[in-house]
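Have a look at the structure below, then the notes.
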Amino acid sequence: MKTRFAPSPTGYIHIGNVRSAIYPYLLAKQKHGKFILRIEDTDRERYVEGATELIMDTLKWLGLDWDEGPVIGGPNAPYFQTERKSIYHKWAQKLIAEGRAYADPTAPDIINKYRQECTDKKIPFLYRNFRPTDTPEWHEGLPLRFKSDPKPRKWHDVVMGDLSVGSEVQDDIILIKKDGLPTYNFAHIVDDAEMDVTHVIRGAEYLSSVPNYLALYEALGLEVPILVTLPHILGPTGNKKLSKRDGAKSVVDYRDDGVLPETMLNYLACLGWNDGTEQEIYTHDELIERFSLERIQTSGARFDETKLLWLNGQWLRRLVEEQGIAQFYPRTEGFWPDSAKAYDAKYRQKVFAIIYDRLKALSDLRTMTSYFFEDPNIDLKLIIDNKFLKKFSENELVDFLQQSVAKLQGTDWDEKSLQSALNQLLETTTLKPAELFSLIRIALSYAPFSPALNLTLATLGRETSLARLNSTITALANA
RNA sequence: GGCUCCUUCGUCUAGUGGUUUAGGACGUCUGGUUCUCAUCCAGAAAAUCGCGGGUUCGAAUCCCGCAGGAGUCACCA
């Protein structure tokens, strides 16, 4: 069992195409085979500097380690197609020798004219209908075309089932471009054969090209690998496949948004695949164990960011609870508000410990924890308009806060003592928890929500807590 | 336009002729957990299984037709 992911270095890996890396990886690992990373960089015009690194970075982040490929090499190196030119030429010569490929001297504008004629007549453009009669000997600088031998074809696709087409779609495709580099159509077939790839797993956009590939395998005398077609991932609106043009996000953009790799792998693997149980959360190892090509959906699936965030919350809690705060904490680096820089890791860990269970993404830390690191702006409207507090006058609110300050001043500053002090305050003020606690909470944070009040107080510390309560008393008194 | 694929709650899906008054998850709504938000728990609404025929005692499940959607028809992958 050998599978591969063969991206072209034209930019980032987006949500729409990352499953063609995940599924081959899972399959290879499950069967103790090899997962190859091959960089299909034959299009020099669309080549983007640094894209290969970005691709490798994405795979590593998701935990998809390749067994052969860039950096680590392997028995079929090199794994960059531009470095394999002579291999393609060798196979091309075989086709030329057998009369199955020809050099095409036709100028591009002539070809475009043919194409336009067909478009105007609303018939499919097939180059073989315009095949030149007089073809020169092939040399670099001229494109090399396959001489197709159209006939009805049947094949099996693991996901799509038994498929068949008539001869009308097979054409004289370009094998080698005038720059001497092969097209995808030719290169991937040669490479997969040379690298002993057993399963070709790729997106649905290649489905209509399969008949041409079948013709090529036949002409080259190669065994057809097991073909697996993945349905498209759909964009948020409409039914079109998700693509960069429609704003498909990079997989690693989600990393910067505070989505965990565990979540991403889990969510994407289960988008269009399930193991038939009602399980929703899968670890990397569980996915390897349970994955099966046969259970991949045939229809497209829409990427749902809301469910992704739900899953991320699940993973966040699970990982923190499994590993503990201290061990998980390094993964929060880069997600804190700027003001947190002034505090040490120990304090940030304390904050994280009381807030993590209400995060959906790590980036929520930026907006949800600022009051632990800097005094909030006092906004009395939050108190006056609060649904529990609006029935009280400002004098009453000041009085409640003064009583609170008096009580808390004499309290030991730990969770337990604070909680019992708060409970006693409920009795002495005869306020309901929702009333007293909301008042204190807002005075401390001026945030729409915060962790349990005793924990918030304990974490902020005596001095800061009391200072903030006093600031609000002053502000209310002057209002 | 040709060819090919797809079609179950808003979304992701379970379902391979009878245990289905079509199950689960996200989202939504309601209630509970001595405070907010979140978690957690309980509950509700939500699919005439794209439409129309047929086969069958019985169909989301098999067959045929139709419609809609998508992909593709590059010296891009």
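In the structure tokens, the first chain shown is A, the next is B, and so on; residue numbers restart at 1 for each chain, and ligands run from 1 in the order shown.
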Could you give me, as CSV, a per-residue list for chain B showing, wherever an atom lies at most 9 Å from an atom of chain A, the closest pair of atoms and their distance in Å to one decimal, using only C-alpha atoms (C1' of nucleotides) and sorting by chain then residue number from low to high?
```
residue,atom,partner,partner_atom,distance
B:G1,C1',A:Lys122,CA,4.3
B:G2,C1',A:Pro124,CA,5.4
B:C3,C1',A:Val169,CA,6.4
B:U4,C1',A:Ser208,CA,6.2
B:C5,C1',A:Met160,CA,8.2
B:C6,C1',A:Ser299,CA,5.4
B:U7,C1',A:Ser299,CA,8.1
B:U11,C1',A:Asp304,CA,6.8
B:C12,C1',A:Leu271,CA,6.7
B:U13,C1',A:Asn274,CA,8.0
B:A14,C1',A:Gly276,CA,6.7
B:G24,C1',A:Glu278,CA,5.8
B:A25,C1',A:Glu280,CA,7.1
B:C26,C1',A:Lys307,CA,5.0
B:G27,C1',A:Thr306,CA,7.6
B:U34,C1',A:Pro433,CA,7.2
B:C35,C1',A:Ala434,CA,4.3
B:U36,C1',A:Phe449,CA,5.1
B:C37,C1',A:Phe449,CA,4.5
B:A38,C1',A:Arg358,CA,4.2
B:U39,C1',A:Asp357,CA,6.5
B:G69,C1',A:Asn239,CA,7.0
B:A70,C1',A:Lys240,CA,6.7
B:G71,C1',A:Glu205,CA,5.6
B:U72,C1',A:Ser208,CA,5.6
B:C73,C1',A:Pro124,CA,5.9
B:C75,C1',A:Lys177,CA,4.5
B:C76,C1',A:Asp43,CA,7.3
B:A77,C1',A:Tyr184,CA,6.1
```
Next item on the list: Identify all residues of region 193-248 of chain A in strand (DSSP E or B) (DSSP on the backbone) and supply them as a count of residues only.
Entry: 13
Check: If we count only C-alpha atoms (C1' of nucleotides), what is near G18 (chain B) at a cut-off of 12 Å, once residues fewer than 6 positions away on the same chain are taken out, given as a ChimeraX atom specification?
Finding: /B:56-59,61
Export C-alpha atoms (C1' of nucleotides) of the chosen residues as a PDB file, in the first residue's frame?
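Output saved as result08.pdb:
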```pdb
ATOM      1  C1'   U B  56     -43.285  -5.816  -4.507  1.00  0.00           C
ATOM      2  C1'   C B  57     -47.817  -8.021   0.407  1.00  0.00           C
ATOM      3  C1'   G B  58     -44.358  -3.951   1.714  1.00  0.00           C
ATOM      4  C1'   A B  59     -39.394   1.052  -0.903  1.00  0.00           C
ATOM      5  C1'   U B  61     -33.710   1.525   0.137  1.00  0.00           C
TER       6        U B  61
END
```
Margin query: For the structure I just gave you, how does DSSP split region 192-299 of chain A - specifically, which residues are alpha helix (DSSP H)? Reply as a PyMOL selection string.
Written below: chain A and resi 192-194+210-220+251-256+261-269+284-290
Note to self: Using only C-alpha atoms (C1' of nucleotides), which protein or nucleic acid residues come within 10 Å of Asn17 (chain A)? Drop anything in the same chain fewer than 4 positions from it, and give the result as a ChimeraX atom specification.
What the structure shows: /A:7,13,21-22,202-203,230,232-233,242-243,248,250-251
Please produce a file of those selected residues containing C-alpha atoms, as a tab-separated table (two decimals), in the first residue's frame.
```
chain	number	residue	atom	x	y	z
A	7	PRO	CA	0.05	19.28	-4.47
A	13	ILE	CA	-3.50	24.38	1.09
A	21	ALA	CA	-3.84	14.69	1.90
A	22	ILE	CA	-5.70	13.40	4.95
A	202	ARG	CA	-7.92	12.91	-5.66
A	203	GLY	CA	-10.73	15.42	-6.03
A	230	LEU	CA	-13.30	12.53	-3.41
A	232	HIS	CA	-16.00	18.40	-3.50
A	233	ILE	CA	-16.26	20.49	-0.40
A	242	LEU	CA	-14.89	25.59	-2.44
A	243	SER	CA	-11.98	27.31	-4.12
A	248	ALA	CA	-11.54	29.45	0.69
A	250	SER	CA	-6.01	28.36	4.14
A	251	VAL	CA	-5.90	25.48	6.57
```
Notebook entry, point to check: C1' of U16 (chain B) to CA of Val18 (chain A): how many Å, to one decimal?
Noted result: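 Separating C1' of U16 (chain B) from CA of Val18 (chain A) is a distance of 29.8 Å.
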Check: Which polymer residues have any atom within 8 Å of an atom of Arg366 (chain A), counting only C-alpha atoms (C1' of nucleotides), with same-chain residues fewer than 6 positions away left out, as a ChimeraX atom specification?
Finding: /A:335-337
